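Colleague: Provided below: model29.txt, containing compact mmCIF, C-alpha atoms.
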```
# COMPACT_ATOMS: atom_id res chain seq x y z
CA LYS A 1 -12.34 -9.10 -3.79
CA LYS A 2 -13.44 -5.72 -2.48
CA THR A 3 -11.18 -3.77 -0.15
CA ILE A 4 -12.33 -3.87 3.47
CA LEU A 5 -10.89 -2.28 6.60
CA GLU A 6 -11.63 -4.15 9.84
CA LEU A 7 -11.08 -2.79 13.35
CA VAL A 8 -10.18 -5.61 15.74
CA GLU A 9 -10.02 -5.53 19.52
CA VAL A 10 -6.60 -6.87 20.51
CA ARG A 11 -7.74 -8.42 23.80
CA THR A 12 -10.39 -10.64 22.22
CA GLY A 13 -9.60 -10.71 18.49
CA ARG A 14 -13.18 -9.79 17.62
CA SER A 15 -14.15 -7.23 14.96
CA ILE A 16 -15.85 -4.11 16.27
CA HIS A 17 -16.13 -1.95 13.10
CA SER A 18 -15.64 -2.35 9.37
CA ILE A 19 -15.75 -0.12 6.30
CA LYS A 20 -15.41 -0.49 2.54
CA PRO A 21 -12.92 2.27 1.65
CA PRO A 22 -13.56 4.27 -1.53
CA HIS A 23 -10.16 3.22 -2.92
CA LYS A 24 -7.70 0.32 -2.75
CA LEU A 25 -5.56 0.68 0.36
CA LEU A 26 -1.83 1.22 0.25
CA GLU A 27 -1.43 2.31 3.88
CA VAL A 28 -3.44 2.75 7.07
CA LYS A 29 -2.37 5.27 9.70
CA ALA A 30 -3.93 4.95 13.16
CA ILE A 31 -4.35 8.50 14.47
CA SER A 32 -6.27 7.35 17.55
CA PRO A 33 -8.74 4.55 18.38
CA GLN A 34 -11.42 6.90 16.99
CA ALA A 35 -9.68 8.11 13.80
CA TYR A 36 -7.85 6.39 10.89
CA LEU A 37 -6.19 7.85 7.80
CA LEU A 38 -6.61 5.63 4.71
CA VAL A 39 -4.16 6.21 1.85
CA SER A 40 -4.63 4.69 -1.61
CA LYS A 41 -2.09 3.56 -4.21
CA SER A 42 -3.00 6.63 -6.26
CA ALA A 43 -2.25 8.92 -3.25
CA GLU A 44 -5.85 9.68 -2.32
CA CYS A 45 -6.60 9.95 1.38
CA THR A 46 -9.73 9.48 3.46
CA LEU A 47 -10.28 10.09 7.18
CA TRP A 48 -12.43 7.40 8.77
CA LEU A 49 -14.20 8.15 12.07
CA PRO A 50 -15.80 4.81 13.03
CA ASP A 51 -17.74 6.10 16.05
CA THR A 52 -19.70 8.54 13.88
CA LYS A 53 -19.50 6.34 10.74
CA GLN A 54 -17.96 9.20 8.74
CA ALA A 55 -15.57 8.74 5.81
CA ILE A 56 -14.21 12.20 4.91
CA ASP A 57 -12.33 12.69 1.62
CA LEU A 58 -9.25 14.85 2.28
CA THR A 59 -7.97 14.79 -1.32
CA SER A 60 -7.99 18.08 -3.25
CA PRO A 61 -8.21 18.34 -7.08
CA GLY A 62 -4.69 18.22 -8.50
CA ALA A 63 -3.15 17.72 -5.05
CA LYS A 64 -2.23 14.20 -3.99
CA TYR A 65 -1.38 12.99 -0.49
CA ALA A 66 2.35 13.21 0.30
CA CYS A 67 2.80 12.92 4.09
CA SER A 68 1.07 13.59 7.41
CA SER A 69 1.62 14.17 11.11
CA VAL A 70 -0.56 14.10 14.24
CA SER A 71 -0.18 16.11 17.44
CA ALA A 72 0.74 14.29 20.65
CA ASP A 73 -2.76 14.85 22.06
CA GLN A 74 -4.28 13.34 18.87
CA LYS A 75 -6.41 16.43 18.25
CA LEU A 76 -4.54 18.01 15.32
CA LEU A 77 -3.94 16.40 11.92
CA VAL A 78 -1.67 17.90 9.24
CA ILE A 79 -1.78 16.58 5.66
CA GLY A 80 1.07 17.52 3.28
CA LYS A 81 0.27 17.46 -0.43
CA SER A 82 1.98 17.24 -3.79
CA ASN A 83 1.15 20.88 -4.69
CA GLY A 84 3.06 22.29 -1.69
CA HIS A 85 0.02 22.85 0.52
CA CYS A 86 -0.40 21.57 4.09
CA ASP A 87 -3.94 21.36 5.50
CA VAL A 88 -4.26 21.55 9.29
CA TYR A 89 -7.44 19.91 10.65
CA GLN A 90 -9.00 20.08 14.09
CA LEU A 91 -10.04 16.45 14.57
CA GLU A 92 -12.71 17.39 17.10
CA ASN A 93 -14.33 19.74 14.56
CA MET A 94 -13.89 18.35 11.05
CA SER A 95 -16.77 20.50 9.77
CA SER A 96 -14.62 23.64 10.01
CA PRO A 97 -12.28 24.39 7.06
CA PRO A 98 -8.60 23.53 7.57
CA ARG A 99 -5.85 26.08 8.08
CA SER A 100 -3.59 26.17 5.01
CA LEU A 101 0.22 26.34 5.10
CA ILE A 102 1.93 26.87 1.75
CA HIS A 103 5.28 25.76 0.28
CA SER A 104 6.43 26.34 -3.29
CA ASN A 105 7.10 22.63 -3.87
CA ARG A 106 5.83 19.20 -2.83
CA VAL A 107 5.75 18.74 0.95
CA GLU A 108 8.08 15.83 1.78
CA SER A 109 7.96 15.64 5.59
CA ILE A 110 6.02 17.05 8.57
CA ARG A 111 6.79 16.97 12.29
CA MET A 112 4.83 18.47 15.20
CA LEU A 113 6.57 19.53 18.40
CA PRO A 114 4.89 18.79 21.76
CA ASP A 115 3.60 22.40 21.91
CA ARG A 116 1.90 21.93 18.47
CA THR A 117 4.51 23.93 16.55
CA ILE A 118 4.49 22.51 13.01
CA VAL A 119 7.71 21.95 11.04
CA THR A 120 7.58 21.11 7.33
CA ALA A 121 10.17 20.32 4.62
CA ASP A 122 9.60 20.56 0.87
CA GLY A 123 11.24 19.08 -2.21
CA ASP A 124 13.61 22.04 -2.52
CA GLY A 125 15.02 21.41 0.96
CA GLN A 126 13.31 24.43 2.48
CA ILE A 127 12.23 23.92 6.10
CA ARG A 128 9.50 26.13 7.54
CA VAL A 129 8.32 26.52 11.12
CA TRP A 130 4.68 27.48 11.71
CA GLY A 131 3.05 28.91 14.83
CA LYS A 132 -0.06 27.49 16.46
CA GLU A 133 -2.55 29.72 14.65
CA SER A 134 -0.73 31.61 11.87
CA SER A 135 -0.69 30.63 8.19
CA GLN A 136 2.66 32.40 7.77
CA PRO A 137 5.97 30.76 8.78
CA VAL A 138 7.66 32.12 11.90
CA HIS A 139 11.05 30.69 10.84
CA GLN A 140 12.60 29.52 7.57
CA ILE A 141 15.65 27.24 7.51
CA ASP A 142 17.91 26.26 4.65
CA GLY A 143 17.59 22.47 4.73
CA THR A 144 19.31 21.74 1.42
CA GLY A 145 19.75 17.98 1.19
CA THR A 146 16.84 17.31 3.55
CA ASN A 147 13.57 15.57 2.73
CA THR A 148 12.90 13.79 6.05
CA LEU A 149 12.46 15.28 9.52
CA LEU A 150 12.61 13.66 12.97
CA CYS A 151 11.93 15.30 16.32
CA SER A 152 13.32 14.24 19.71
CA ARG A 153 10.72 13.07 22.23
CA ASP A 154 11.09 16.22 24.35
CA GLY A 155 10.82 18.47 21.28
CA LYS A 156 14.17 20.17 21.88
CA TYR A 157 15.94 18.91 18.75
CA LEU A 158 15.06 18.51 15.08
CA ILE A 159 16.99 16.09 12.83
CA GLY A 160 16.98 16.48 9.04
CA PHE A 161 18.36 14.12 6.39
CA HIS A 162 17.67 12.80 2.90
CA SER A 163 16.08 9.38 2.60
CA THR A 164 17.95 8.30 -0.54
CA GLU A 165 20.68 10.76 -1.53
CA ASN A 166 24.23 11.11 -0.26
CA THR A 167 23.84 14.13 2.06
CA PRO A 168 24.76 15.16 5.64
CA ILE A 169 22.52 14.62 8.66
CA THR A 170 21.81 17.91 10.46
CA CYS A 171 20.56 18.77 13.95
CA TRP A 172 18.83 22.03 14.94
CA ASP A 173 18.00 23.40 18.39
CA THR A 174 14.23 24.13 18.35
CA SER A 175 14.51 26.94 20.93
CA SER A 176 16.64 29.07 18.60
CA TRP A 177 16.41 27.08 15.31
CA GLU A 178 20.17 27.30 15.02
CA ARG A 179 22.16 24.40 13.63
CA ILE A 180 24.14 22.75 16.42
CA SER A 181 25.83 19.87 14.58
CA GLN A 182 26.13 18.14 11.22
CA THR A 183 27.71 14.90 10.02
CA GLU A 184 29.75 14.32 6.90
CA LYS A 185 27.83 13.14 3.84
CA HIS A 186 26.29 9.70 4.30
CA HIS A 187 24.05 7.50 2.21
CA ARG A 188 21.10 6.98 4.52
CA SER A 189 19.34 3.68 5.07
CA GLU A 190 17.71 4.15 8.47
CA VAL A 191 17.89 6.91 11.08
CA LEU A 192 16.30 6.51 14.49
CA LEU A 193 16.14 8.81 17.52
CA HIS A 194 16.50 7.64 21.09
CA GLY A 195 14.85 10.19 23.38
CA GLY A 196 16.87 9.31 26.48
CA SER A 197 20.37 9.78 25.12
CA HIS A 198 19.58 11.94 22.10
CA CYS A 199 21.50 9.59 19.80
CA ALA A 200 20.71 9.47 16.11
CA VAL A 201 21.32 6.02 14.67
CA GLN A 202 22.46 5.58 11.09
CA ALA A 203 22.42 2.20 9.41
CA SER A 204 23.55 1.87 5.83
CA THR A 205 24.23 -1.06 3.55
CA SER A 206 27.47 0.63 2.54
CA GLN A 207 28.64 2.08 5.88
CA GLY A 208 27.60 -0.42 8.54
CA LEU A 209 26.09 0.84 11.80
CA TRP A 210 27.05 3.81 13.92
CA LEU A 211 25.74 6.15 16.62
CA TRP A 212 25.80 9.92 16.48
CA ASP A 213 25.61 11.91 19.70
CA PHE A 214 24.44 15.10 18.05
CA ILE A 215 24.79 17.23 21.19
CA GLY A 216 28.42 16.25 21.71
CA ASP A 217 28.88 15.82 17.93
CA GLU A 218 30.58 12.46 18.52
CA ILE A 219 30.30 9.43 16.22
CA THR A 220 30.85 5.86 17.41
CA ARG A 221 31.19 3.21 14.70
CA LEU A 222 29.71 -0.10 15.85
CA THR A 223 30.26 -2.34 12.83
CA ASP A 224 31.27 -2.18 9.18
CA GLU A 225 29.12 -5.19 8.27
CA THR A 226 26.01 -4.88 6.09
CA ILE A 227 22.93 -4.03 8.19
CA THR A 228 19.46 -4.88 6.84
CA ASP A 229 17.23 -3.72 9.72
CA VAL A 230 17.62 -1.73 12.93
CA ASN A 231 15.33 -0.93 15.87
CA ILE A 232 15.44 0.32 19.45
CA ALA A 233 14.08 -1.72 22.38
CA GLY A 234 14.43 0.02 25.74
CA ASN A 235 18.06 1.17 25.92
CA THR A 236 19.27 -1.37 23.38
CA LEU A 237 19.98 -0.78 19.70
CA VAL A 238 19.13 -4.01 17.87
CA ALA A 239 20.29 -4.79 14.34
CA ILE A 240 20.02 -7.52 11.73
CA GLN A 241 23.38 -8.13 10.07
CA ARG A 242 23.82 -9.94 6.77
CA GLN A 243 26.35 -12.74 7.11
CA GLU A 244 28.90 -13.85 4.56
CA MET A 245 27.65 -16.81 2.52
CA SER A 246 29.48 -20.05 3.02
CA PRO A 247 30.54 -22.01 -0.10
CA SER A 248 28.08 -24.78 0.77
CA THR A 249 25.11 -22.40 0.76
CA SER A 250 26.10 -20.00 -2.01
CA ASN A 251 24.35 -20.20 -5.37
CA SER A 252 26.07 -18.68 -8.38
CA PHE A 253 22.78 -18.42 -10.26
CA LEU A 254 20.74 -16.88 -7.40
CA PRO A 255 23.30 -15.08 -5.25
CA ASN A 256 20.78 -12.84 -3.49
CA LEU A 257 18.56 -15.70 -2.37
CA ALA A 258 21.20 -17.72 -0.50
CA GLN A 259 22.19 -15.75 2.58
CA ASP A 260 22.18 -15.97 6.35
CA PHE A 261 21.58 -13.27 8.92
CA ALA A 262 22.55 -12.56 12.52
CA LEU A 263 20.95 -10.61 15.38
CA LEU A 264 23.06 -8.35 17.58
CA GLY A 265 22.41 -5.66 20.19
CA TYR A 266 24.32 -2.65 21.55
CA ASP A 267 23.78 -0.73 24.78
CA LEU A 268 22.95 2.87 23.82
CA MET A 269 24.65 4.26 26.92
CA THR A 270 27.97 2.39 26.76
CA ARG A 271 28.01 1.71 22.98
CA GLN A 272 29.10 -1.84 23.82
CA LEU A 273 27.88 -5.10 22.28
CA VAL A 274 25.54 -6.74 24.83
CA PHE A 275 24.41 -9.78 22.84
CA GLY A 276 25.05 -11.56 19.58
CA PRO A 277 25.75 -12.09 16.87
CA THR A 278 23.07 -14.80 17.03
CA ALA A 279 22.66 -16.67 13.75
CA ILE A 280 19.34 -16.57 11.89
CA PRO A 281 19.80 -18.93 8.91
CA GLY A 282 17.53 -18.52 5.91
CA LYS A 283 16.92 -16.76 2.61
CA ILE A 284 14.19 -14.31 3.70
CA LYS A 285 15.37 -11.11 5.39
CA PRO A 286 14.14 -11.02 9.01
CA THR A 287 12.77 -7.89 10.65
CA ILE A 288 12.75 -6.63 14.26
CA SER A 289 10.05 -5.12 16.47
CA GLY A 290 10.98 -3.80 19.92
CA ASP A 291 8.94 -2.91 22.99
CA ALA A 292 10.15 0.41 24.40
CA SER A 293 9.08 -0.20 28.01
CA SER A 294 10.26 -3.79 28.57
CA GLY A 295 13.02 -4.03 25.98
CA ASN A 296 11.45 -7.24 24.61
CA LEU A 297 12.21 -8.17 21.00
CA ALA A 298 10.14 -9.90 18.35
CA ILE A 299 11.78 -11.22 15.19
CA THR A 300 10.22 -12.50 11.97
CA SER A 301 11.99 -15.71 11.00
CA PRO A 302 12.51 -17.10 7.47
CA THR A 303 9.92 -19.81 8.30
CA PHE A 304 7.12 -17.19 8.52
CA THR A 305 7.16 -17.37 12.32
CA VAL A 306 7.20 -14.51 14.81
CA GLU A 307 9.70 -15.27 17.58
CA LEU A 308 10.20 -13.71 21.01
CA PHE A 309 13.93 -13.32 21.60
CA ASP A 310 15.40 -13.90 25.09
CA ARG A 311 18.45 -11.65 25.31
CA GLU A 312 19.80 -13.43 28.39
CA THR A 313 19.92 -16.92 26.89
CA GLY A 314 19.94 -16.09 23.18
CA LYS A 315 17.02 -18.47 22.66
CA ARG A 316 13.98 -17.72 20.51
CA ARG A 317 10.42 -18.77 21.34
CA ALA A 318 7.73 -19.12 18.68
CA ALA A 319 5.04 -16.46 19.09
CA GLY A 320 2.67 -17.24 16.22
CA ARG A 321 3.14 -18.90 12.84
CA HIS A 322 2.02 -17.69 9.41
CA HIS A 323 1.97 -19.42 6.00
CA ALA A 324 3.18 -16.45 3.94
CA LEU A 325 5.19 -13.26 4.31
CA ILE A 326 4.64 -11.46 7.63
CA ASP A 327 3.81 -7.84 6.89
CA PHE A 328 3.23 -6.36 10.35
CA VAL A 329 4.51 -7.12 13.89
CA ASP A 330 3.90 -4.95 16.95
CA PHE A 331 3.84 -5.16 20.75
CA ALA A 332 0.34 -4.26 21.95
CA ASP A 333 1.85 -4.30 25.45
CA ASN A 334 4.93 -5.91 27.01
CA ARG A 335 3.16 -9.28 27.13
CA THR A 336 1.26 -9.30 23.81
CA ILE A 337 2.57 -9.53 20.23
CA VAL A 338 0.30 -8.85 17.26
CA SER A 339 1.20 -9.96 13.72
CA THR A 340 -0.50 -9.99 10.32
CA GLY A 341 0.54 -11.65 7.06
CA LEU A 342 -0.20 -12.05 3.41
CA ASP A 343 -1.79 -15.41 4.32
CA GLY A 344 -4.74 -13.41 5.72
CA ARG A 345 -4.01 -14.40 9.30
CA LEU A 346 -4.05 -12.16 12.36
CA ASN A 347 -2.19 -13.70 15.31
CA ILE A 348 -2.47 -12.31 18.84
CA TRP A 349 0.09 -14.07 21.04
CA ARG A 350 0.66 -13.63 24.78
CA VAL A 351 3.75 -14.64 26.73
CA ASP A 352 1.73 -17.19 28.73
CA GLY A 353 1.42 -19.15 25.46
CA THR A 354 -2.16 -18.11 24.63
CA LEU A 355 -2.69 -17.62 20.88
CA VAL A 356 -5.76 -16.06 19.25
CA THR A 357 -5.91 -16.46 15.45
CA ARG A 358 -8.27 -14.81 12.96
CA ASP A 359 -8.28 -15.99 9.34
CA PHE A 360 -9.67 -13.30 7.02
CA LYS A 361 -9.36 -15.59 3.95
CA GLN A 362 -7.55 -12.90 1.94
CA PRO A 363 -4.18 -11.13 2.31
CA ILE A 364 -3.88 -8.43 4.98
CA THR A 365 -2.07 -5.75 3.00
CA ALA A 366 -2.09 -2.88 5.53
CA ALA A 367 -2.20 -2.75 9.32
CA ALA A 368 -1.85 -0.16 12.08
CA ARG A 369 -2.48 -0.19 15.82
CA SER A 370 -3.73 2.47 18.23
CA LYS A 371 -3.77 1.32 21.85
CA ASN A 372 -6.03 -1.75 22.03
CA ILE A 373 -7.43 -1.46 18.48
CA LEU A 374 -5.82 -2.95 15.39
CA ALA A 375 -6.85 -1.79 11.89
CA CYS A 376 -6.51 -4.50 9.20
CA GLY A 377 -6.78 -3.60 5.51
CA LEU A 378 -7.88 -6.51 3.31
```
Written as structure tokens, how would this file's structure read?
Modeller:
Amino acid sequence: KKTILELVEVRTGRSIHSIKPPHKLLEVKAISPQAYLLVSKSAECTLWLPDTKQAIDLTSPGAKYACSSVSADQKLLVIGKSNGHCDVYQLENMSSPPRSLIHSNRVESIRMLPDRTIVTADGDGQIRVWGKESSQPVHQIDGTGTNTLLCSRDGKYLIGFHSTENTPITCWDTSSWERISQTEKHHRSEVLLHGGSHCAVQASTSQGLWLWDFIGDEITRLTDETITDVNIAGNTLVAIQRQEMSPSTSNSFLPNLAQDFALLGYDLMTRQLVFGPTAIPGKIKPTISGDASSGNLAITSPTFTVELFDRETGKRRAAGRHHALIDFVDFADNRTIVSTGLDGRLNIWRVDGTLVTRDFKQPITAAARSKNILACGL
């Protein structure tokens, strides 16, 4: 079947726009309700502006899509490419040529500070800081061992780490671009930033789960158990922990398919366990989605069901069932959970028990939400 991208209104579940992308979708990035970045399996990228019915090819000859970032006001788009170039587009004036920022190697990560300062990292670990208008870097930082950047919500701190290699995690002060702290070498699995407490969270299959206060340069180890997923909901760090297999459930021929999981949560202020571990039996690894404002949690269960987790009672409430792997779960607001799956279903569930289901008759392979609009790639 042909690839189609549908825009769906979350409140009603009805389609409001659709497009046949020029390439098979790997990923959809929702820049705003009026702009979507479509990335193909062969690293081509297209900007879709549904209001004006424009599909703009942003791929250059010999330069594949590598990464991207959008300004907080959703007016500036930066595309990093495999040839070391970054193209900076004014989304309100796509007819004007982009500003070009140049690295000597593939651009691996881009972050934009709240004041539109652009920070980029390349494959050689070089980090460059670019002003609002200039095509020349205003700062250059030795980021050896860094291929991923994160920025604190207030823009005061930049975190750099490597997504696969055994390297330190480093923090820089963005007012001076001086390094203020650095961990020992760690094999990274997941690093999150919590804007309120400025804690970087590291979860690794080999090193458990710990918190790093990068201002005080203090590390708190939470558990040595294997962690498979981690998320932040409000002021709570939530993790999925892989449990030890019991002899009755273990399978010597398929050891990786017989396993149980548990859900647990830590208060980011006190570093104390506040709930769990709550058992989640099953063979399929569950995932977590958290709502930042309410602290609500949604969990994908091994039975292809999205569940709302009550942290006070430890009980889980079904919030929409699928018939195949769930690929996307998100809180549209603190009372609405949206999920899509490879069964082609879109479920929009509200805490009052209302469920709106759309069946697209083919797998939903990519999804992204911007405010009240959900983009579904089929």
Colleague: Nearest residue to Pro363 in chain A out of A:Met112, A:Leu268, A:Leu378, A:Ile118, using all atoms listed in the file?
Modeller: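 So, comparing all the options, the nearest one is A:Leu378.
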Colleague: Within 10 Å of Tyr266 in chain A, counting all atoms listed in the file, which residues qualify if same-chain residues fewer than 5 places away don't, as a PDB file with C-alpha atoms, keeping the file's coordinate frame?
Modeller:
```pdb
ATOM      1  CA  LEU A 222      29.710  -0.100  15.850  1.00  0.00           C
ATOM      2  CA  ILE A 232      15.440   0.320  19.450  1.00  0.00           C
ATOM      3  CA  ASN A 235      18.060   1.170  25.920  1.00  0.00           C
ATOM      4  CA  THR A 236      19.270  -1.370  23.380  1.00  0.00           C
ATOM      5  CA  LEU A 237      19.980  -0.780  19.700  1.00  0.00           C
ATOM      6  CA  VAL A 238      19.130  -4.010  17.870  1.00  0.00           C
ATOM      7  CA  ALA A 239      20.290  -4.790  14.340  1.00  0.00           C
ATOM      8  CA  ARG A 271      28.010   1.710  22.980  1.00  0.00           C
ATOM      9  CA  GLN A 272      29.100  -1.840  23.820  1.00  0.00           C
ATOM     10  CA  LEU A 273      27.880  -5.100  22.280  1.00  0.00           C
ATOM     11  CA  VAL A 274      25.540  -6.740  24.830  1.00  0.00           C
ATOM     12  CA  PHE A 275      24.410  -9.780  22.840  1.00  0.00           C
ATOM     13  CA  GLY A 276      25.050 -11.560  19.580  1.00  0.00           C
TER      14      GLY A 276
END
```
Colleague: Take the point (-15.5, -0.5, 7.7) as written in the file and pick out every residue within 12 Å of it, counting all atoms listed in the file; give the list as JSON, numbers by chain.
Modeller: {"A": [2, 3, 4, 5, 6, 7, 8, 15, 16, 17, 18, 19, 20, 21, 22, 36, 38, 47, 48, 49, 50, 51, 52, 53, 54, 55, 375, 376, 377, 378]}
Colleague: Could you tell me, as number ranges by chain, which residues have any atom at most 10 Å from (7.8, -7.9, 4.8), counting only C-alpha atoms?
Modeller: A: 284-287, 300, 324-329, 341-342
Colleague: Using all atoms listed in the file, which residue out of A:Glu92, A:Asp173, A:Asp359, A:Asp333 lies closest to Val10 in chain A?
Modeller: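 Closest to Val10 in chain A, using all atoms listed in the file: A:Asp333.
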Colleague: Could you state the separation of CA of Gly295 in chain A and CA of Glu312 in chain A in Å, given to one decimal place?
Modeller: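 CA of Glu312 in chain A lies at a distance of 11.8 Å from CA of Gly295 in chain A.
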Colleague: Give me the box for range 283-300 of chain A as lines of an AutoDock Vina configuration file, namely the centre and edge lengths in Å to one decimal of a box along x, y and z that holds every listed atom plus 8 Å on each side.
Modeller:
```
center_x = 12.9
center_y = -8.2
center_z = 15.6
size_x = 24.0
size_y = 33.2
size_z = 42.0
```
Colleague: Given the choices A:Leu91, A:Ala121, A:Ala66, A:Ile240, which gets closest to Thr144 in chain A if the distance is worked out from only C-alpha atoms?
Modeller: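 So, comparing all the options, the nearest one is A:Ala121.
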Colleague: Just give me the gap between CA of Thr305 in chain A and CA of Ile227 in chain A in Å, one decimal is fine.
Modeller: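 For CA of Thr305 in chain A relative to CA of Ile227 in chain A, the distance reads 21.1 Å.
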Colleague: Find the distance between CA of Arg335 in chain A and CA of Asn296 in chain A and write it in Å to one decimal.
Modeller: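 Computed distance, CA of Arg335 in chain A to CA of Asn296 in chain A, equals 8.9 Å.
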